[in-house]
There are 2 protein chains.
Amino acid sequence: MADERAAQAFSERLAAAQRRAGSTLCIGLDVDPRRLPDGLSRDRTGVERFLRGLIEATADLVCAYKPNLAFFEALGEDGIPLLRAALRVVPAGILTIGDGKRGDIDTTAERSATALFEVLEFDAATINPYQGADSVEPYLRDPSRGGFVLCKSSNPGSADFQELDCAFEGDRVPLFEVVARRAQSWNTRGNVGLVVGATFPAQLARVRSIAPELPILIPGVGAQGGDAAQAVRLGAASDGTGAVVNVSRQVLQASSGIDWRDAARREALALRDTMRAALTGAAR
Amino acid sequence: MADERAAQAFSERLAAAQRRAGSTLCIGLDVDPRRLPDGLSRDRTGVERFLRGLIEATADLVCAYKPNLAFFEALGEDGIPLLRAALRVVPAGILTIGDGKRGDIDTTAERSATALFEVLEFDAATINPYQGADSVEPYLRDPSRGGFVLCKSSNPGSADFQELDCAFEGDRVPLFEVVARRAQSWNTRGNVGLVVGATFPAQLARVRSIAPELPILIPGVGAQGGDAAQAVRLGAASDGTGAVVNVSRQVLQASSGIDWRDAARREALALRDTMRAALTGAAR
C-alpha cells in the first residue's frame with residue numbers, strides 16, 4: 001500500500017477511490033458522546049463502538065471519511081486512541097481526511113503536517129490559508145497527501161471576510177476567489193484541493209471555473225441546508241470525479257434508536273445514489 | 001482560583017498578571033524532542049523534564065506561557081499528557097495561551113472551545129478568523145477566557161492575503177485592518193485580543209491605533225527577527241499593559257548544553273528587562 005500511495009499524486013488517488021467506490025460521498029466523523037444513539041454508553045467504549053459500527057455499515061458507499069479533529073480533541077486523552085481505532089477500521093482504498101483547518105508559520109506547520117500525515121497517517125488534511133503560501137507549503141511536500149485549502153466555508157458568517165472585495169492582479173474579486181486562484185497556482189505536485197460549502201452554489205460554480213481540475217471538498221449538505229445533487233453537479237470536474245461531498249449529521253444522527261446502523265446506511269445509500277444520478281443527468 | 005477567574009474579564013486578568021509579574025514576556029512552548037539539550041532523553045521523559053525545568057527556571061519572569069499545540073500533536077498519544085504535565089507546573093496567576101489558530105463553523109468551534117477551555121483549561125486561545133464572526137463567537141462565550149484573533153502574522157507569506165487591499169465600510173484597507181476592526185467590534189465581553197507579528201512594526205502600530213485597548217499577542221521576536229523593545233513600545237496600550245510579547249526559540253534553544261536552564265533564564269531575564277526599559281523609556 002505504501003508503494004502504491006507513493007507512486008500517485010493525491011488527486012489521482014482520489015479519482016481512483018471515487019471510481020472504485022462509484023461514490024462521491026464522504027462521511028464526516030463528528031462524533032459527540034452526548035449524541036450517541038440508544039444502546040451505547042456515553043463514554044470511550046460507546047464512542048469506539050459507534051465509530052466502528054458506522055464505518056462498517058457505510059464503507060462500501062463512500063470514497064472518504066473525514067474525522068473532525070475538534071470533536072476528538074474535546075475527548076481529551078481518549079481522543080487520539082479513538083481516532084486511531086476509527087482509522088484502523090477504514091478499508092484500504094478509502095481515503096481519510098483530517099479536518100482541523102490548520103495553518104501557521106513554517107516551523108509550526110511542519111510539526112502539524114507531521115502530526116496529520118506521519119503520526120495519524122491521514123491521506124489528506126484541511127488547511128486554513130490566512131497565513132499565506134509559506135504556511136500552506138509544509139502540508140504539500142508529499143505529493144501523495146492532499147491539502148484541501150479552505151476557500152468559501154458553509155456557514156453564514158463566511159461572508160464576513162471571504163466575500164470582501166479585494167484588488168488582485170488587476171481585478172476586483174472576492175477574497176475566496178483570490179484563495180482559489182492562489183491555490184490553483186500552488187498545485188505544482190497534483191495534491192492541492194479546495195473547500196467550498198454546498199450552501200453557496202454560485203460560489204461553488206465560480207471556484208470550479210477558476211480551478212477546473214482541483215478536487216473540491218464540499219461540506220454543508222444536510223443539516224446545514226446544502227443540496228447533495230446540486231453540490232456534485234457544480235463541484236465535479238469534467239471527468240465526473242473531484243467533488244468530495246461531505247455529510248456528517250444527516251448520517252451520524254440518522255436515528256437515535258437501536259436501528260442506527262441501518263439508518264446511517266440508508267441515508268448514505270440514498271446520498272450516494274442521488275449524487276450518481278445527478279452526475280449522469282448532467283451528461284458528463 | 002475559579003471564583004477569582006470568573007469575576008474578571010480576560011483583559012483584566014491579563015493586565016493583573018502583567019503588573020504582578022512586572023513583565024510583558026510570554027514564553028512559547030514549541031517543544032521538539034529532536035532539539036532537546038544535552039542530558040535529556042529524546043522521548044516523553046526528556047520532553048517532560050525539559051518543560052518542567054524551563055517553566056521552573058522562568059516562571060517569575062513571565063506573564064504567560066503559550067504552548068504551541070502542533071508541537072504536542074506531533075507527539076501522538078503523549079501530546080495531551082505532556083501538555084497537561086506542563087500546565088500543572090505553571091504557577092497560579094500566570095496565564096496560559098493554547099496556540100492552535102483554530103476556527104470552524106459553530107458546532108465544530110464549540111467542541112474546539114470545550115477542548116481548549118474545559119478539557120485543557122487554557123486561559124486563552126489563538127483563533128483564525130477566516131470563517132467569520134459566527135466561527136469566533138464560541139471561543140468568546142466565557143468572558144474570563146481570552147480569544148486572540150489572528151490579524152497580521154509574523155511570517156513572510158502573511159502578505160499573500162493579509163495585505164490584500166479590501167473595500168470595507170467605505171474605505172479601502174488591507175485585510176488585516178478589516179480583521180482588527182471587526183475584532184474590536186466583537187469585544188463586548190472584554191475578552192478579545194489580536195495577534196500581530198513583531199516582524200511588521202508599521203502594521204503593529206496601525207493595529208494598536210485601531211484597537212486602543214485590546215490585548216495584542218506579538219510573536220516573531222528573536223529567531224524570526226522581530227525586536228522585543230520595539231514590539232512592546234508599539235504594542236502596549238496606554239497603561240503599559242496589553243502587549244504580550246512571545247519568544248520561543250530564543251529561550252527554548254538558548255543552550256544545547258547542560259546549562260540550558262540557566263541559559264533560558266538568562267535570555268528571559270534580559271528580554272523582560274529590555275521590555276521594561278522600553279516601556280519606561282516610552283514615558284507611558
# chains A, B, ... in the order shown; residues from 1 in each chain; ligands from 1
$ closest_atom_pairs --of "chain B" --to "chain A" --cutoff "6 Å" --atoms "only C-alpha atoms" --output "tab-separated table"
residue	atom	partner	partner_atom	distance
B:Ala70	CA	A:Ser112	CA	4.8
B:Phe71	CA	A:Arg111	CA	5.7
B:Glu73	CA	A:Ala115	CA	5.6
B:Ala74	CA	A:Ala115	CA	4.2
B:Ile105	CA	A:Asn155	CA	6.0
B:Arg111	CA	A:Phe71	CA	5.6
B:Ser112	CA	A:Ala70	CA	4.8
B:Thr114	CA	A:Ala74	CA	5.9
B:Ala115	CA	A:Ala74	CA	4.2
B:Gln131	CA	A:Ser158	CA	4.8
B:Gly132	CA	A:Gly157	CA	4.7
B:Ala133	CA	A:Gly157	CA	5.7
B:Asp134	CA	A:Gly157	CA	5.4
B:Asn155	CA	A:Ile105	CA	6.0
B:Gly157	CA	A:Gly132	CA	4.7
B:Ser158	CA	A:Gln131	CA	4.8
B:Asp160	CA	A:Gly132	CA	5.1
B:Asp165	CA	A:Ala167	CA	5.5
B:Cys166	CA	A:Cys166	CA	4.5
B:Ala167	CA	A:Asp165	CA	5.5
$ write_last_selection --atoms "C-alpha atoms" --output "tab-separated table (two decimals), in the first residue's frame"
chain	number	residue	atom	x	y	z
B	70	ALA	CA	1.11	21.46	16.80
B	71	PHE	CA	4.33	20.55	18.62
B	73	GLU	CA	0.14	16.95	18.36
B	74	ALA	CA	3.31	15.70	16.66
B	105	ILE	CA	-18.31	26.52	11.87
B	111	ARG	CA	-16.20	21.43	20.53
B	112	SER	CA	-12.84	23.09	19.97
B	114	THR	CA	-14.52	22.86	25.00
B	115	ALA	CA	-11.21	21.14	24.29
B	131	GLN	CA	-14.63	31.81	8.67
B	132	GLY	CA	-16.16	34.95	10.22
B	133	ALA	CA	-17.91	36.16	13.36
B	134	ASP	CA	-20.04	33.08	13.97
B	155	ASN	CA	5.84	35.14	8.50
B	157	GLY	CA	3.89	34.93	3.37
B	158	SER	CA	1.50	36.86	5.61
B	160	ASP	CA	-0.36	36.94	0.42
B	165	ASP	CA	-6.50	45.82	-0.46
B	166	CYS	CA	-10.17	45.38	0.57
B	167	ALA	CA	-13.28	47.52	0.31
$ residues_around --residues "Leu271 in chain B" --least-positions-apart "3" --cutoff "10 Å" --atoms "only C-alpha atoms" --output "list in words"
Ser23, Thr24, Leu25, Cys26, Leu61, Val62, Val221, Gly222, Asp227, Ala228, Ala229, Val245, Val247, Gln250, Val251, Arg265, Arg266, Glu267, Ala268, Thr274, Met275, Arg276 and Ala277 of chain B
$ write_last_selection --atoms "C-alpha atoms" --output "PDB file, in the first residue's frame"
ATOM      1  CA  SER B  23       6.664  41.512  32.785  1.00  0.00           C
ATOM      2  CA  THR B  24       5.175  41.512  29.284  1.00  0.00           C
ATOM      3  CA  LEU B  25       7.119  38.385  28.318  1.00  0.00           C
ATOM      4  CA  CYS B  26       5.358  35.226  27.190  1.00  0.00           C
ATOM      5  CA  LEU B  61       9.893  36.405  34.713  1.00  0.00           C
ATOM      6  CA  VAL B  62       6.783  35.973  32.566  1.00  0.00           C
ATOM      7  CA  VAL B 221      10.734  38.225  18.314  1.00  0.00           C
ATOM      8  CA  GLY B 222      14.138  36.544  18.271  1.00  0.00           C
ATOM      9  CA  ASP B 227      12.742  43.357  18.137  1.00  0.00           C
ATOM     10  CA  ALA B 228      11.372  42.963  21.677  1.00  0.00           C
ATOM     11  CA  ALA B 229      11.773  46.597  22.743  1.00  0.00           C
ATOM     12  CA  VAL B 245       5.431  39.541  23.576  1.00  0.00           C
ATOM     13  CA  VAL B 247       9.535  34.400  22.457  1.00  0.00           C
ATOM     14  CA  GLN B 250      15.493  32.290  21.693  1.00  0.00           C
ATOM     15  CA  VAL B 251      14.656  30.944  25.164  1.00  0.00           C
ATOM     16  CA  ARG B 265      16.612  32.058  32.459  1.00  0.00           C
ATOM     17  CA  ARG B 266      19.322  34.483  31.325  1.00  0.00           C
ATOM     18  CA  GLU B 267      17.556  35.073  27.981  1.00  0.00           C
ATOM     19  CA  ALA B 268      14.169  35.501  29.643  1.00  0.00           C
ATOM     20  CA  THR B 274      14.718  45.121  27.820  1.00  0.00           C
ATOM     21  CA  MET B 275      10.953  45.445  27.563  1.00  0.00           C
ATOM     22  CA  ARG B 276      10.634  47.060  30.993  1.00  0.00           C
ATOM     23  CA  ALA B 277      13.198  49.652  29.972  1.00  0.00           C
TER      24      ALA B 277
END
$ calpha_fit_and_write --fixed "chain B" --moving "chain A" --output "compact mmCIF listing (two decimals) with C-alpha atoms, in the first residue's frame"
# COMPACT_ATOMS: atom_id res chain seq x y z
CA MET A 1 -9.03 30.50 41.89
CA ALA A 2 -12.10 29.55 39.89
CA ASP A 3 -14.15 32.27 41.57
CA GLU A 4 -11.46 34.91 41.09
CA ARG A 5 -11.19 33.94 37.43
CA ALA A 6 -14.94 34.02 36.87
CA ALA A 7 -15.21 37.50 38.34
CA GLN A 8 -12.81 39.14 35.87
CA ALA A 9 -12.83 39.67 32.15
CA PHE A 10 -9.82 38.20 30.40
CA SER A 11 -8.29 41.60 29.59
CA GLU A 12 -8.32 42.48 33.29
CA ARG A 13 -6.80 39.13 34.22
CA LEU A 14 -4.03 39.73 31.71
CA ALA A 15 -3.31 43.25 32.96
CA ALA A 16 -3.20 41.93 36.53
CA ALA A 17 -0.81 39.14 35.53
CA GLN A 18 1.48 41.61 33.78
CA ARG A 19 1.52 44.01 36.75
CA ARG A 20 2.09 41.20 39.27
CA ALA A 21 4.97 39.75 37.24
CA GLY A 22 6.28 43.15 36.17
CA SER A 23 6.67 41.51 32.78
CA THR A 24 5.19 41.52 29.29
CA LEU A 25 7.11 38.39 28.32
CA CYS A 26 5.35 35.22 27.19
CA ILE A 27 7.39 32.08 26.54
CA GLY A 28 6.21 29.87 23.71
CA LEU A 29 6.39 26.16 24.44
CA ASP A 30 7.36 24.85 20.99
CA VAL A 31 8.92 21.70 22.33
CA ASP A 32 10.64 19.41 19.84
CA PRO A 33 12.23 16.14 21.05
CA ARG A 34 14.83 16.42 18.25
CA ARG A 35 16.08 19.68 19.74
CA LEU A 36 16.35 18.88 23.44
CA PRO A 37 19.58 19.94 25.13
CA ASP A 38 22.30 17.58 26.32
CA GLY A 39 21.44 15.34 29.24
CA LEU A 40 17.81 14.80 28.27
CA SER A 41 16.49 11.71 26.52
CA ARG A 42 14.72 12.30 23.18
CA ASP A 43 11.50 10.76 24.49
CA ARG A 44 8.48 11.51 26.66
CA THR A 45 10.57 11.62 29.83
CA GLY A 46 13.03 14.07 28.27
CA VAL A 47 10.26 16.33 26.99
CA GLU A 48 8.57 16.35 30.39
CA ARG A 49 11.82 17.16 32.19
CA PHE A 50 12.60 19.91 29.71
CA LEU A 51 9.20 21.58 30.04
CA ARG A 52 9.26 21.37 33.81
CA GLY A 53 12.82 22.70 34.05
CA LEU A 54 12.12 25.52 31.62
CA ILE A 55 8.99 26.67 33.43
CA GLU A 56 10.63 26.40 36.87
CA ALA A 57 13.60 28.44 35.62
CA THR A 58 11.50 31.26 34.14
CA ALA A 59 8.13 31.42 35.93
CA ASP A 60 8.96 34.56 37.92
CA LEU A 61 9.89 36.40 34.71
CA VAL A 62 6.79 35.96 32.56
CA CYS A 63 3.12 36.91 32.43
CA ALA A 64 2.15 33.90 30.30
CA TYR A 65 3.19 30.65 28.65
CA LYS A 66 1.99 29.74 25.19
CA PRO A 67 2.05 26.03 24.34
CA ASN A 68 2.17 25.61 20.57
CA LEU A 69 -0.35 22.83 20.06
CA ALA A 70 1.10 21.47 16.80
CA PHE A 71 4.32 20.54 18.61
CA PHE A 72 2.32 18.47 21.10
CA GLU A 73 0.14 16.95 18.36
CA ALA A 74 3.29 15.70 16.65
CA LEU A 75 3.95 13.61 19.79
CA GLY A 76 0.84 11.47 19.21
CA GLU A 77 -0.63 9.79 22.31
CA ASP A 78 1.99 11.50 24.51
CA GLY A 79 0.92 15.00 23.47
CA ILE A 80 -2.01 15.62 25.80
CA PRO A 81 -0.42 14.06 28.91
CA LEU A 82 2.76 16.10 28.33
CA LEU A 83 0.76 19.27 27.80
CA ARG A 84 -1.19 18.67 31.00
CA ALA A 85 2.04 17.98 32.91
CA ALA A 86 3.48 21.28 31.68
CA LEU A 87 0.34 23.24 32.53
CA ARG A 88 0.38 21.81 36.06
CA VAL A 89 3.82 23.33 36.67
CA VAL A 90 2.70 26.86 35.73
CA PRO A 91 2.14 28.83 38.96
CA ALA A 92 -1.26 30.38 39.68
CA GLY A 93 -1.62 33.90 38.31
CA ILE A 94 0.47 33.23 35.20
CA LEU A 95 -1.77 32.83 32.18
CA THR A 96 -1.70 30.01 29.64
CA ILE A 97 -2.46 30.52 25.96
CA GLY A 98 -3.31 27.51 23.79
CA ASP A 99 -1.84 28.36 20.41
CA GLY A 100 -3.60 26.37 17.70
CA LYS A 101 -5.08 29.07 15.42
CA ARG A 102 -8.41 27.23 15.44
CA GLY A 103 -11.53 28.34 13.58
CA ASP A 104 -14.51 26.49 12.11
CA ILE A 105 -18.31 26.54 11.88
CA ASP A 106 -20.24 26.92 15.13
CA THR A 107 -20.82 23.28 16.09
CA THR A 108 -17.15 22.48 15.51
CA ALA A 109 -15.87 25.66 17.18
CA GLU A 110 -17.98 24.81 20.22
CA ARG A 111 -16.21 21.44 20.53
CA SER A 112 -12.84 23.09 19.97
CA ALA A 113 -13.53 25.70 22.67
CA THR A 114 -14.52 22.86 25.01
CA ALA A 115 -11.21 21.14 24.29
CA LEU A 116 -9.18 24.30 24.91
CA PHE A 117 -11.01 25.85 27.85
CA GLU A 118 -12.68 22.95 29.66
CA VAL A 119 -10.53 19.91 28.91
CA LEU A 120 -7.13 21.64 28.88
CA GLU A 121 -8.20 24.67 30.96
CA PHE A 122 -6.27 27.26 28.98
CA ASP A 123 -6.88 30.88 29.96
CA ALA A 124 -6.82 31.96 26.31
CA ALA A 125 -6.52 30.60 22.78
CA THR A 126 -5.44 31.85 19.38
CA ILE A 127 -8.21 31.91 16.76
CA ASN A 128 -8.14 32.08 12.98
CA PRO A 129 -10.91 34.47 11.86
CA TYR A 130 -11.20 33.42 8.18
CA GLN A 131 -14.64 31.82 8.68
CA GLY A 132 -16.15 34.96 10.22
CA ALA A 133 -17.89 36.17 13.37
CA ASP A 134 -20.03 33.08 13.97
CA SER A 135 -16.92 30.88 13.91
CA VAL A 136 -15.16 33.04 16.51
CA GLU A 137 -18.09 33.53 18.88
CA PRO A 138 -17.95 30.09 20.60
CA TYR A 139 -14.45 30.96 21.86
CA LEU A 140 -15.69 34.21 23.42
CA ARG A 141 -18.64 32.96 25.46
CA ASP A 142 -16.77 32.87 28.77
CA PRO A 143 -15.61 36.44 29.49
CA SER A 144 -12.77 35.17 31.67
CA ARG A 145 -11.19 33.31 28.74
CA GLY A 146 -9.45 35.24 26.01
CA GLY A 147 -9.55 34.79 22.26
CA PHE A 148 -6.53 36.20 20.39
CA VAL A 149 -7.70 36.70 16.81
CA LEU A 150 -5.02 36.17 14.17
CA CYS A 151 -4.65 39.53 12.42
CA LYS A 152 -1.17 40.04 10.90
CA SER A 153 1.10 37.04 11.23
CA SER A 154 4.89 37.18 11.60
CA ASN A 155 5.85 35.14 8.51
CA PRO A 156 6.93 36.50 5.09
CA GLY A 157 3.89 34.92 3.38
CA SER A 158 1.50 36.86 5.60
CA ALA A 159 1.27 39.44 2.81
CA ASP A 160 -0.36 36.93 0.42
CA PHE A 161 -3.81 37.52 1.87
CA GLN A 162 -3.48 39.75 4.94
CA GLU A 163 -2.22 42.72 2.89
CA LEU A 164 -4.83 42.47 0.14
CA ASP A 165 -6.50 45.81 -0.47
CA CYS A 166 -10.16 45.38 0.56
CA ALA A 167 -13.27 47.51 0.31
CA PHE A 168 -14.63 47.91 3.85
CA GLU A 169 -17.13 50.40 5.26
CA GLY A 170 -16.45 52.96 2.55
CA ASP A 171 -12.67 52.66 2.95
CA ARG A 172 -10.01 50.68 1.19
CA VAL A 173 -7.87 48.92 3.77
CA PRO A 174 -5.64 45.84 3.94
CA LEU A 175 -7.37 42.67 5.07
CA PHE A 176 -5.58 42.61 8.43
CA GLU A 177 -7.13 46.01 9.20
CA VAL A 178 -10.59 44.64 8.44
CA VAL A 179 -9.85 41.84 10.91
CA ALA A 180 -8.69 44.35 13.54
CA ARG A 181 -11.78 46.49 13.10
CA ARG A 182 -14.15 43.53 13.26
CA ALA A 183 -12.34 42.08 16.30
CA GLN A 184 -12.72 45.44 18.04
CA SER A 185 -16.48 45.24 17.40
CA TRP A 186 -16.61 41.68 18.78
CA ASN A 187 -15.15 42.80 22.14
CA THR A 188 -18.44 43.12 23.99
CA ARG A 189 -17.23 40.99 26.93
CA GLY A 190 -13.68 42.32 27.39
CA ASN A 191 -12.01 39.14 26.22
CA VAL A 192 -10.96 39.70 22.59
CA GLY A 193 -7.30 40.09 21.67
CA LEU A 194 -5.34 40.20 18.43
CA VAL A 195 -2.20 38.52 17.08
CA VAL A 196 0.25 40.79 15.24
CA GLY A 197 3.84 39.80 14.40
CA ALA A 198 6.76 41.85 15.73
CA THR A 199 8.29 41.47 12.27
CA PHE A 200 5.82 44.06 10.93
CA PRO A 201 6.18 47.13 13.20
CA ALA A 202 4.19 49.52 10.99
CA GLN A 203 1.25 47.14 10.94
CA LEU A 204 1.57 46.62 14.71
CA ALA A 205 1.36 50.38 15.28
CA ARG A 206 -1.62 50.58 12.96
CA VAL A 207 -3.49 47.80 14.77
CA ARG A 208 -2.81 49.42 18.14
CA SER A 209 -4.37 52.66 16.83
CA ILE A 210 -7.45 50.78 15.53
CA ALA A 211 -7.90 48.82 18.76
CA PRO A 212 -6.51 51.04 21.54
CA GLU A 213 -7.26 48.72 24.43
CA LEU A 214 -7.30 45.19 23.03
CA PRO A 215 -4.54 42.85 24.20
CA ILE A 216 -2.11 42.06 21.40
CA LEU A 217 -0.15 38.81 21.34
CA ILE A 218 3.08 39.55 19.49
CA PRO A 219 5.07 36.62 18.07
CA GLY A 220 8.13 36.89 15.86
CA VAL A 221 10.72 38.23 18.32
CA GLY A 222 14.13 36.54 18.28
CA ALA A 223 14.67 33.76 15.72
CA GLN A 224 12.18 35.38 13.33
CA GLY A 225 13.90 38.78 13.53
CA GLY A 226 11.44 40.94 15.47
CA ASP A 227 12.74 43.35 18.13
CA ALA A 228 11.37 42.96 21.68
CA ALA A 229 11.76 46.60 22.75
CA GLN A 230 10.09 47.91 19.62
CA ALA A 231 7.32 45.31 19.90
CA VAL A 232 6.38 46.28 23.43
CA ARG A 233 6.62 50.04 22.71
CA LEU A 234 4.33 49.76 19.70
CA GLY A 235 2.09 47.08 21.15
CA ALA A 236 1.34 48.26 24.69
CA ALA A 237 -1.90 50.06 25.48
CA SER A 238 -1.83 53.44 27.23
CA ASP A 239 -1.45 51.88 30.69
CA GLY A 240 1.64 49.91 29.66
CA THR A 241 -0.10 46.53 29.71
CA GLY A 242 -1.74 44.63 26.88
CA ALA A 243 1.29 43.72 24.78
CA VAL A 244 2.09 40.04 25.26
CA VAL A 245 5.43 39.55 23.57
CA ASN A 246 6.09 35.91 22.79
CA VAL A 247 9.53 34.40 22.46
CA SER A 248 10.05 30.70 21.76
CA ARG A 249 13.31 29.53 20.20
CA GLN A 250 15.51 32.28 21.70
CA VAL A 251 14.66 30.94 25.17
CA LEU A 252 13.99 27.24 24.49
CA GLN A 253 17.18 26.80 22.49
CA ALA A 254 19.30 29.27 24.46
CA SER A 255 21.82 26.49 25.05
CA SER A 256 22.15 22.95 23.78
CA GLY A 257 24.44 22.12 26.71
CA ILE A 258 23.71 21.03 30.25
CA ASP A 259 23.47 24.69 31.29
CA TRP A 260 20.16 25.02 29.42
CA ARG A 261 18.14 26.04 32.48
CA ASP A 262 20.50 28.89 33.33
CA ALA A 263 20.75 29.94 29.70
CA ALA A 264 16.96 30.02 29.28
CA ARG A 265 16.60 32.07 32.46
CA ARG A 266 19.33 34.49 31.33
CA GLU A 267 17.56 35.08 27.99
CA ALA A 268 14.16 35.50 29.64
CA LEU A 269 15.58 37.93 32.21
CA ALA A 270 17.26 40.01 29.52
CA LEU A 271 14.07 40.11 27.46
CA ARG A 272 11.94 41.09 30.44
CA ASP A 273 14.35 43.87 31.41
CA THR A 274 14.72 45.12 27.83
CA MET A 275 10.95 45.43 27.57
CA ARG A 276 10.63 47.07 31.00
CA ALA A 277 13.19 49.65 29.97
CA ALA A 278 11.47 50.20 26.64
CA LEU A 279 8.15 50.87 28.35
CA THR A 280 9.73 53.27 30.86
CA GLY A 281 11.69 55.00 28.11
CA ALA A 282 8.47 55.45 26.17
CA ALA A 283 7.28 57.54 29.16
CA ARG A 284 3.94 55.85 29.43
